[in-house]
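Here's the structure, in structure tokens; my notes come after.
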Amino acid sequence: MRLERPDQRGRFGEFGGAFAPETLMPALEALEIEFTNAWRDDSFRGELDGLLATYVGRPTPLYHADRLSKQLGINLLLKREDLAHTGAHKINNTLAQGLLTKRMGKKRVIAETGAGQHGVATATACALLELECVVYMGEKDIERQALNVYRMKLLGATVVPVTSGAGTLKDAVSAALRDWVASVATTHYIIGSVVGPHPFPWMVREFQKVIGEELKEQMDAPPDVIVAPVGGGSNAMGVFYPFVGMDGVDLVGVEAAGLGIASGLHGASIGEGSPGVLHGSMTYMLQDEFGQVLEAHSISAGLDYPGVGPEHAYFNDAGLVRYVNATDAQAVEAFHLLARSEGILPALESAHALAWIVQEASQLSGRTVVLNLSGRGDKDVQQVARLDG
Amino acid sequence: MSNRWLVLMANSGSDRLRALFSISRDEDRAVLLPYLTAGIPTVDASVELFVAMADAGADGFEVGIPYADPLMDGPVIMRAGEQALDAGVTVPVALEVVRRVVDETGKAVLVMTYVNPVLRRGIDTFFGDVATAGAAGVIIADLPVDEAEPFLAAAHEVAVGMALFVSPMTSAARLDSVISCGPDFVYGIAEVGVTGERTEASSNVGALAESIRAKSEVPIVFGVGISTPVQAHAAALHGDGVIVGSAIVRRVLDAATPDAARESLSVFVAELAAAMSR
Ligand SMILES: Cc1ncc(COP(=O)(O)O)c(C=O)c1O
């Protein structure tokens with residue numbers, strides 16, 4: 001069964017909790033209280049809803065992909081998070097946490113970013129709300145998402161390269177947490193997905209579930225299948241949550257299979273990982289026999305993460321959501337397919353979800369399938385161009 | 001018999017821990033506990049470095065198990081961890097270093113780890129391993145009191161000491177729950193932030209010690225950001241023990257040879273030891 005909120009210890013079943021240095025614990029407790037109060041406060045809700053409508057452009061459209069539907073023999077709908085301001089679902093969370101930062105009286109914000117979309121969305125919220133913004137980004141991601149690095153700088157953010165580990169999302173989250181251990185008195189950490197210690201997974205779910213709530217309104221009857229990519233899991237959580245446990249709705253989260261599951265180079269934390277503690281919460285993660293965190297691999301910086309939000313781990317074990325995967329090559333193929341058939345460049349993250357639909361088209365025949373198009377692909381154009389030579 | 005002999009002859013980890021803190025009580029000074037990542041610069045050389053530090057006046061040690069994602073550590077200890085992991089210092093290898101240090105120095109050893117390697121091994125099995133290695137206590141950097149219960153129980157079962165943390169940010173209510181969980185010692189976080197060298201002496205240690213002592217007689221060990229004899233002395237005035245980490249590890253990482261590392265640590269640890277008196 002779906003839980004309205006995690007238990008006293010921040011657990012979804014056995015997953016979640018707060019495994020954080022003591023220095024952060026008082027701030028996490030305060031954040032839980034602030035969030036709970038704000039979320040019950042009509043003026044906070046009103047301000048956020050106003051911004052979501054007039055600044056972000058919500059509700060985002062639900063688009064019927066006619067040509068691709070015919071081609072695949074399914075009834076395919078796209079939930080257009082790519083049309084949200086800044087080009088991905090990430091802005092839903094960053095504006096809400098930005099408003100919460102102001103409410104807490106903090107003046108400085110830190111964030112991590114992988115694909116750069118969360119970094120851009122955080123920099124945007126900070127520009128709008130007059131907050132100082134520092135974004136940690138792995139050096140490998142800085143290279144492959146150069147466009148977004150420049151966008152963050154234009155928005156007034158400081159981008160700090162992270163060289164530890166593989167220089168990807170995991171290392172950026174760790175660097176942001178280390179900053180926060182030192183700066184917690186004055187700084188809020190706008191975490192970019194439904195990950196991290198309690199109350200973050202719950203709070204970010206609440207801020208992202210607007211996607212699924214809109215989808216419910218936009219459809220006469222619930223779809224047969226909803227498919228979303230899963231990195232940390234925020235867009236998937238957002239679109240799934242209002243449908244979790246609903247009869248006849250198949251929820252499918254698509255993880256990164258990288259160079260293929262058998263290669264060992266992938267980001268399939270639920271599919272191939274085991275329970276452990278990463279970035280402050282108990283969840284499925286990629287780890288070795290001694291409990292050392294392993295590096296993930298994905299062509300998509302947003303899915304290149306060895307963990308996943310704890311509520312997804314709970315959904316998996318409870319059989320409420322199915323978690324599958326798609327490879328780098330399948331995602332790139334799907335990227336081209338959507339561009340040619342519908343005139344939409346998807347983010348490589350979102351392309352993973354489409355890739356799974358393409359693979360499974362014969363099984364899905366005749367069914368109504370919603371793809372959560374979590375972001376647009378401009379940021380990935382250079383990377384795809386390099387692959388195409 | 002002197003207290004030093006009590007540490008050596010004690011059977012269980014908890015006995016060793018008690019003997020360690022009785023040095024502090026009887027000699028009216030803080031005990032000095034240098035931190036070094038296990039296996040730095042090599043497994044054998046790290047054991048020799050611990051022996052040299054014991055000879056120079058260390059009362060006990062904190063031995064770090066290298067971890068791939070150390071959220072509580074600054075750049076120096078991170079780098080040491082990465083180097084050790086690259087050199088194959090797994091958890092069992094690190095615990096073998098602990099065993100050798102206990103055998104060769106007779107000092108109390110605190111094992112420092114992150115929570116995930118403990119969970120992966122199984123909490124009870126891990127504490128069994130630690131007890132077998134002869135360690136006196138365990139410090140888990142990302143384990144707040146809220147999640148600590150099964151760890152404290154497992155430590156208790158094998159008579160190994162267990163720390164809980166108190167930081168300058170810790171509220172009175174949180175301090176109450178720390179104390180009521182009955183840790184064998186409290187790790188007082190002297191500076192807000194991750195491990196690393198600081199230029200100033202901590203201004204938090206006095207108030208921290210006072211708030212803890214108002215509620216309990218549990219021994220207090222101060223660590224984080226203590227990197228000079230002056231800073232160590234400031235912490236020694238208020239705590240039962242003082243942990244110096246990054247300043248030790250940096251000297252090892254910067255040394256051209258293991259011999260050079262040993263010489264530099266001998267000098268530095270002697271200076272720190274002299275700063276323990278009140
Ligand atoms: C467009 C897009 N989709 C998906 C993701 C993956 O994150 P999550 O699983 O939290 O939605 C990202 C992350 O950067 C992204 O930019």
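Identifiers in the structure tokens: chain A, B, ... in order shown; residue index from 1 per chain; ligand index from 1 in order shown.
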
Give me the chain A side of the contact with ligand 1, cut-off 9 Å, one line per residue showing its nearest atom pair and distance in Å at one decimal, counting only C-alpha atoms and all ligand atoms, sorted by chain and residue number, as a Markdown table.
| residue | atom | partner | partner_atom_place_in_ligand_line | distance |
| --- | --- | --- | --- | --- |
| A:Glu81 | CA | ligand 1 | 1 (C) | 8.2 |
| A:Asp82 | CA | ligand 1 | 1 (C) | 7.3 |
| A:Gly87 | CA | ligand 1 | 1 (C) | 7.5 |
| A:Ala88 | CA | ligand 1 | 1 (C) | 5.1 |
| A:His89 | CA | ligand 1 | 1 (C) | 6.9 |
| A:Lys90 | CA | ligand 1 | 16 (O) | 7.0 |
| A:Thr113 | CA | ligand 1 | 14 (O) | 6.7 |
| A:Gly114 | CA | ligand 1 | 14 (O) | 5.3 |
| A:Ala115 | CA | ligand 1 | 14 (O) | 4.4 |
| A:Gly116 | CA | ligand 1 | 14 (O) | 6.3 |
| A:Gln117 | CA | ligand 1 | 16 (O) | 4.6 |
| A:His118 | CA | ligand 1 | 14 (O) | 5.9 |
| A:Gly119 | CA | ligand 1 | 14 (O) | 8.6 |
| A:Leu169 | CA | ligand 1 | 14 (O) | 8.8 |
| A:Gly192 | CA | ligand 1 | 10 (O) | 6.6 |
| A:Ser193 | CA | ligand 1 | 10 (O) | 4.2 |
| A:Val194 | CA | ligand 1 | 10 (O) | 6.3 |
| A:Val195 | CA | ligand 1 | 10 (O) | 8.1 |
| A:Ala228 | CA | ligand 1 | 11 (O) | 8.2 |
| A:Pro229 | CA | ligand 1 | 4 (C) | 6.0 |
| A:Val230 | CA | ligand 1 | 9 (O) | 4.0 |
| A:Gly231 | CA | ligand 1 | 9 (O) | 3.4 |
| A:Gly232 | CA | ligand 1 | 9 (O) | 4.1 |
| A:Gly233 | CA | ligand 1 | 9 (O) | 3.2 |
| A:Ser234 | CA | ligand 1 | 10 (O) | 3.5 |
| A:Asn235 | CA | ligand 1 | 11 (O) | 3.7 |
| A:Ala236 | CA | ligand 1 | 11 (O) | 5.9 |
| A:Met237 | CA | ligand 1 | 11 (O) | 7.7 |
| A:Gly238 | CA | ligand 1 | 11 (O) | 8.4 |
| A:Glu255 | CA | ligand 1 | 9 (O) | 8.7 |
| A:Ser300 | CA | ligand 1 | 14 (O) | 8.3 |
| A:Ala301 | CA | ligand 1 | 14 (O) | 6.6 |
| A:Gly302 | CA | ligand 1 | 14 (O) | 3.5 |
| A:Leu303 | CA | ligand 1 | 6 (C) | 5.4 |
| A:Asp304 | CA | ligand 1 | 6 (C) | 8.7 |
| A:Val308 | CA | ligand 1 | 9 (O) | 7.9 |
| A:Gly309 | CA | ligand 1 | 10 (O) | 8.2 |
| A:Pro346 | CA | ligand 1 | 1 (C) | 7.9 |
| A:Ala347 | CA | ligand 1 | 1 (C) | 5.2 |
| A:Leu348 | CA | ligand 1 | 1 (C) | 7.3 |
| A:Glu349 | CA | ligand 1 | 3 (N) | 4.7 |
| A:Ser350 | CA | ligand 1 | 3 (N) | 5.5 |
| A:Ala351 | CA | ligand 1 | 3 (N) | 8.9 |
| A:Asn372 | CA | ligand 1 | 3 (N) | 8.9 |
| A:Leu373 | CA | ligand 1 | 1 (C) | 7.6 |
| A:Ser374 | CA | ligand 1 | 3 (N) | 4.5 |
| A:Gly375 | CA | ligand 1 | 1 (C) | 3.5 |
| A:Arg376 | CA | ligand 1 | 1 (C) | 6.3 |
| A:Gly377 | CA | ligand 1 | 1 (C) | 7.8 |

Legend entry - Distance query segment 275-291 of chain A at most 8 Å, only C-alpha atoms, self and fewer than 2 positions along chain excluded, as a PyMOL selection string: (chain A and resi 14-20+173-174+195-198+267-270+272-273+293-296+306-310+313) or (chain B and resi 90-91+115-121+142)

Near segment 24-29 of chain A, within 8 Å and counting only C-alpha atoms, which residues show up once chain neighbours fewer than 6 positions away are dropped, as an mmCIF file with N, CA and C atoms, in the first residue's frame?
data_model
loop_
_atom_site.group_PDB
_atom_site.id
_atom_site.type_symbol
_atom_site.label_atom_id
_atom_site.label_comp_id
_atom_site.auth_asym_id
_atom_site.auth_seq_id
_atom_site.Cartn_x
_atom_site.Cartn_y
_atom_site.Cartn_z
ATOM 1 N N TRP A 180 27.279 21.245 3.248
ATOM 2 C CA TRP A 180 26.163 21.498 4.165
ATOM 3 C C TRP A 180 26.541 21.206 5.607
ATOM 4 N N VAL A 181 27.381 20.196 5.826
ATOM 5 C CA VAL A 181 27.825 19.887 7.192
ATOM 6 C C VAL A 181 28.506 21.114 7.809
ATOM 7 N N VAL A 184 25.473 24.576 7.507
ATOM 8 C CA VAL A 184 24.051 24.322 7.756
ATOM 9 C C VAL A 184 23.322 25.457 8.484
ATOM 10 N N ALA A 185 24.054 26.250 9.245
ATOM 11 C CA ALA A 185 23.388 27.318 9.999
ATOM 12 C C ALA A 185 22.810 28.384 9.074
ATOM 13 N N PRO A 197 18.615 12.031 3.170
ATOM 14 C CA PRO A 197 18.013 11.700 4.458
ATOM 15 C C PRO A 197 16.599 12.275 4.572
ATOM 16 N N HIS A 198 15.765 11.637 5.399
ATOM 17 C CA HIS A 198 14.462 12.189 5.744
ATOM 18 C C HIS A 198 14.650 13.618 6.245
ATOM 19 N N PRO A 199 13.847 14.610 5.874
ATOM 20 C CA PRO A 199 12.569 14.492 5.167
ATOM 21 C C PRO A 199 12.644 14.675 3.654
ATOM 22 N N PRO B 144 23.479 8.714 13.497
ATOM 23 C CA PRO B 144 22.947 9.548 14.572
ATOM 24 C C PRO B 144 22.233 8.681 15.599
ATOM 25 N N MET B 169 25.624 21.946 17.115
ATOM 26 C CA MET B 169 24.257 22.174 16.653
ATOM 27 C C MET B 169 23.239 21.348 17.449
ATOM 28 N N THR B 170 23.725 20.377 18.210
ATOM 29 C CA THR B 170 22.822 19.451 18.904
ATOM 30 C C THR B 170 21.954 20.176 19.931
ATOM 31 N N SER B 171 20.642 19.940 19.841
ATOM 32 C CA SER B 171 19.707 20.576 20.768
ATOM 33 C C SER B 171 19.722 19.847 22.117
#

Legend entry - Contact set, chain B to chain A: 10 Å, only C-alpha atoms, as a count of residues only: 49

Inset, instruction - Provide the atom CA of Gly389 of chain A to atom CA of Leu345 of chain A distance in Å, to one decimal place. - result: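 Separating atom CA of Gly389 of chain A from atom CA of Leu345 of chain A is a distance of 18.2 Å.
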
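The coordinates place atom CA of Ala38 of chain B at 26.9 Å from atom CA of Ser202 of chain B.
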
Inset, instruction - List every residue of segment 20-154 of chain A that DSSP, applied to the backbone of this structure, places in strand (DSSP E), and write the result as a VMD selection string. - result: chain A and resid 62 to 64 75 to 80 108 to 113 132 to 138

Inset, instruction - For atom CA of Tyr305 of chain A and atom CA of Val254 of chain A, determine how far apart the two atoms are, in Å to one decimal place. - result: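 Separating atom CA of Tyr305 of chain A from atom CA of Val254 of chain A is a distance of 13.2 Å.
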
Legend entry - Polymer residues at most 12 Å from Leu364 of chain A, only C-alpha atoms, same-chain spacing of 4 or more positions, as a list in words: Ser69, Leu72, Gly73, Ile74, Asn75, Leu76, Pro223, Asp224, Val225, Ile226, Val227, Asp250, Trp356, Ile357, Val358, Gln359, Glu360, Thr368, Val369 and Val370 of chain A

Inset, instruction - Quick one: everything within 8 Å of segment 126-136 of chain B, counting only C-alpha atoms, minus sequence neighbours fewer than 6 positions away in the same chain. Send it as a list in words. - result: Ser12, Gly13, Ser14, Asp15, Arg16, Leu17, Leu95, Glu96, Val98, Arg99, Val102, Ala108, Val109, Leu110, Val111, Val118, Ala154, Ala155, Val158, Ala159, Val160 and Gly161 of chain B

Restricting it to N, CA, C and O atoms, dump the selection as a PDB file, in the first residue's frame.
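The new file again-v7.pdb reads:
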ATOM      1  N   SER B  12      38.258  -7.411  27.518  1.00  0.00           N
ATOM      2  CA  SER B  12      37.268  -6.989  26.535  1.00  0.00           C
ATOM      3  C   SER B  12      37.560  -5.572  26.075  1.00  0.00           C
ATOM      4  O   SER B  12      38.315  -4.826  26.705  1.00  0.00           O
ATOM      5  N   GLY B  13      36.924  -5.213  24.942  1.00  0.00           N
ATOM      6  CA  GLY B  13      37.059  -3.861  24.424  1.00  0.00           C
ATOM      7  C   GLY B  13      36.602  -2.831  25.435  1.00  0.00           C
ATOM      8  O   GLY B  13      37.261  -1.809  25.640  1.00  0.00           O
ATOM      9  N   SER B  14      35.460  -3.113  26.095  1.00  0.00           N
ATOM     10  CA  SER B  14      34.942  -2.149  27.072  1.00  0.00           C
ATOM     11  C   SER B  14      35.931  -1.949  28.218  1.00  0.00           C
ATOM     12  O   SER B  14      36.109  -0.828  28.701  1.00  0.00           O
ATOM     13  N   ASP B  15      36.593  -3.041  28.640  1.00  0.00           N
ATOM     14  CA  ASP B  15      37.612  -2.916  29.693  1.00  0.00           C
ATOM     15  C   ASP B  15      38.758  -2.018  29.223  1.00  0.00           C
ATOM     16  O   ASP B  15      39.247  -1.164  29.970  1.00  0.00           O
ATOM     17  N   ARG B  16      39.173  -2.243  27.991  1.00  0.00           N
ATOM     18  CA  ARG B  16      40.263  -1.420  27.450  1.00  0.00           C
ATOM     19  C   ARG B  16      39.867   0.052  27.403  1.00  0.00           C
ATOM     20  O   ARG B  16      40.672   0.940  27.674  1.00  0.00           O
ATOM     21  N   LEU B  17      38.603   0.275  27.036  1.00  0.00           N
ATOM     22  CA  LEU B  17      38.119   1.642  26.949  1.00  0.00           C
ATOM     23  C   LEU B  17      38.095   2.292  28.338  1.00  0.00           C
ATOM     24  O   LEU B  17      38.536   3.433  28.514  1.00  0.00           O
ATOM     25  N   LEU B  95      40.727  -4.282   9.401  1.00  0.00           N
ATOM     26  CA  LEU B  95      40.584  -4.851  10.750  1.00  0.00           C
ATOM     27  C   LEU B  95      41.829  -5.655  11.138  1.00  0.00           C
ATOM     28  O   LEU B  95      42.165  -5.760  12.325  1.00  0.00           O
ATOM     29  N   GLU B  96      42.526  -6.178  10.141  1.00  0.00           N
ATOM     30  CA  GLU B  96      43.804  -6.849  10.412  1.00  0.00           C
ATOM     31  C   GLU B  96      44.839  -5.817  10.888  1.00  0.00           C
ATOM     32  O   GLU B  96      45.633  -6.088  11.796  1.00  0.00           O
ATOM     33  N   VAL B  98      44.042  -3.167  12.550  1.00  0.00           N
ATOM     34  CA  VAL B  98      43.618  -2.906  13.935  1.00  0.00           C
ATOM     35  C   VAL B  98      44.205  -3.967  14.869  1.00  0.00           C
ATOM     36  O   VAL B  98      44.792  -3.648  15.909  1.00  0.00           O
ATOM     37  N   ARG B  99      44.072  -5.241  14.471  1.00  0.00           N
ATOM     38  CA  ARG B  99      44.560  -6.330  15.325  1.00  0.00           C
ATOM     39  C   ARG B  99      46.067  -6.182  15.576  1.00  0.00           C
ATOM     40  O   ARG B  99      46.545  -6.310  16.704  1.00  0.00           O
ATOM     41  N   VAL B 102      46.797  -3.290  17.962  1.00  0.00           N
ATOM     42  CA  VAL B 102      46.492  -3.664  19.346  1.00  0.00           C
ATOM     43  C   VAL B 102      47.606  -4.559  19.887  1.00  0.00           C
ATOM     44  O   VAL B 102      48.133  -4.334  20.986  1.00  0.00           O
ATOM     45  N   ALA B 108      44.616   1.152  23.417  1.00  0.00           N
ATOM     46  CA  ALA B 108      43.195   1.080  23.066  1.00  0.00           C
ATOM     47  C   ALA B 108      42.991   1.621  21.655  1.00  0.00           C
ATOM     48  O   ALA B 108      43.494   2.696  21.319  1.00  0.00           O
ATOM     49  N   VAL B 109      42.267   0.874  20.828  1.00  0.00           N
ATOM     50  CA  VAL B 109      42.016   1.302  19.449  1.00  0.00           C
ATOM     51  C   VAL B 109      40.517   1.489  19.227  1.00  0.00           C
ATOM     52  O   VAL B 109      39.713   0.611  19.539  1.00  0.00           O
ATOM     53  N   LEU B 110      40.177   2.662  18.693  1.00  0.00           N
ATOM     54  CA  LEU B 110      38.800   2.941  18.298  1.00  0.00           C
ATOM     55  C   LEU B 110      38.724   2.767  16.787  1.00  0.00           C
ATOM     56  O   LEU B 110      39.529   3.338  16.049  1.00  0.00           O
ATOM     57  N   VAL B 111      37.765   1.984  16.327  1.00  0.00           N
ATOM     58  CA  VAL B 111      37.598   1.760  14.897  1.00  0.00           C
ATOM     59  C   VAL B 111      36.605   2.780  14.371  1.00  0.00           C
ATOM     60  O   VAL B 111      35.499   2.911  14.892  1.00  0.00           O
ATOM     61  N   VAL B 118      29.194  -1.651   7.740  1.00  0.00           N
ATOM     62  CA  VAL B 118      28.707  -2.401   8.897  1.00  0.00           C
ATOM     63  C   VAL B 118      27.437  -3.164   8.524  1.00  0.00           C
ATOM     64  O   VAL B 118      27.282  -4.351   8.830  1.00  0.00           O
ATOM     65  N   ALA B 154      24.475  -4.484  19.574  1.00  0.00           N
ATOM     66  CA  ALA B 154      25.486  -5.422  19.074  1.00  0.00           C
ATOM     67  C   ALA B 154      26.830  -5.175  19.753  1.00  0.00           C
ATOM     68  O   ALA B 154      27.560  -6.115  20.089  1.00  0.00           O
ATOM     69  N   ALA B 155      27.159  -3.900  19.983  1.00  0.00           N
ATOM     70  CA  ALA B 155      28.418  -3.557  20.646  1.00  0.00           C
ATOM     71  C   ALA B 155      28.413  -4.097  22.080  1.00  0.00           C
ATOM     72  O   ALA B 155      29.389  -4.689  22.544  1.00  0.00           O
ATOM     73  N   VAL B 158      29.117  -7.897  22.540  1.00  0.00           N
ATOM     74  CA  VAL B 158      30.505  -8.386  22.466  1.00  0.00           C
ATOM     75  C   VAL B 158      31.442  -7.534  23.327  1.00  0.00           C
ATOM     76  O   VAL B 158      32.668  -7.623  23.192  1.00  0.00           O
ATOM     77  N   ALA B 159      30.860  -6.696  24.176  1.00  0.00           N
ATOM     78  CA  ALA B 159      31.644  -5.866  25.098  1.00  0.00           C
ATOM     79  C   ALA B 159      32.656  -4.991  24.375  1.00  0.00           C
ATOM     80  O   ALA B 159      33.845  -4.932  24.721  1.00  0.00           O
ATOM     81  N   VAL B 160      32.169  -4.314  23.325  1.00  0.00           N
ATOM     82  CA  VAL B 160      32.975  -3.301  22.650  1.00  0.00           C
ATOM     83  C   VAL B 160      32.296  -1.964  22.917  1.00  0.00           C
ATOM     84  O   VAL B 160      31.060  -1.886  22.959  1.00  0.00           O
ATOM     85  N   GLY B 161      33.083  -0.918  23.112  1.00  0.00           N
ATOM     86  CA  GLY B 161      32.511   0.395  23.399  1.00  0.00           C
ATOM     87  C   GLY B 161      31.949   1.025  22.137  1.00  0.00           C
ATOM     88  O   GLY B 161      32.360   0.726  21.027  1.00  0.00           O
TER      89      GLY B 161
END

Legend entry - Val249 of chain B environment, 7 Å, only C-alpha atoms, sequence neighbours closer than 4 positions dropped, as a list of chain:residue names: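 Counting only the stated atoms, we get B:Leu36, B:Val76, B:Ile77, B:Gly245, B:Leu253.
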
Could the residues in this selection be saved with all heavy atoms as a compact mmCIF listing (two decimals), in the first residue's frame?
# COMPACT_ATOMS: atom_id res chain seq x y z
N LEU B 36 44.52 7.67 12.07
CA LEU B 36 45.16 7.42 10.77
C LEU B 36 44.32 6.40 10.03
O LEU B 36 43.80 5.45 10.63
CB LEU B 36 46.59 6.90 10.97
CG LEU B 36 47.45 6.74 9.70
CD1 LEU B 36 47.64 8.06 8.96
CD2 LEU B 36 48.82 6.15 10.04
N VAL B 76 41.66 15.82 3.00
CA VAL B 76 42.85 15.04 3.36
C VAL B 76 42.48 13.57 3.66
O VAL B 76 43.06 12.63 3.10
CB VAL B 76 43.57 15.67 4.58
CG1 VAL B 76 44.67 14.75 5.10
CG2 VAL B 76 44.16 17.03 4.18
N ILE B 77 41.51 13.39 4.51
CA ILE B 77 41.12 12.02 4.87
C ILE B 77 40.42 11.33 3.69
O ILE B 77 40.57 10.12 3.49
CB ILE B 77 40.26 12.02 6.16
CG1 ILE B 77 41.15 12.50 7.32
CG2 ILE B 77 39.69 10.64 6.46
CD1 ILE B 77 40.47 12.58 8.67
N GLY B 245 43.18 14.21 13.53
CA GLY B 245 43.09 13.39 12.33
C GLY B 245 43.83 13.94 11.12
O GLY B 245 44.95 13.52 10.81
N LEU B 253 50.67 11.55 4.11
CA LEU B 253 50.50 11.67 2.66
C LEU B 253 51.62 12.50 2.03
O LEU B 253 52.06 12.24 0.92
CB LEU B 253 49.15 12.32 2.32
CG LEU B 253 47.90 11.51 2.65
CD1 LEU B 253 46.64 12.32 2.33
CD2 LEU B 253 47.86 10.18 1.91

Inset, instruction - as a PyMOL selection string, please: all residues of segment 147-338 of chain A that backbone DSSP puts in helix (DSSP H, G or I). - result: chain A and resi 147-154+169-183+200-208+210-218+234-243+261-263+269-272+301-303+310-317+328-338

Legend entry - For Val252 of chain B: contacts at 12 Å, only C-alpha atoms, fewer than 5 positions along chain excluded, given as a ChimeraX atom specification: /B:35-42,45-46,48-50,76-77,79-80,83,245-247,257-266,268
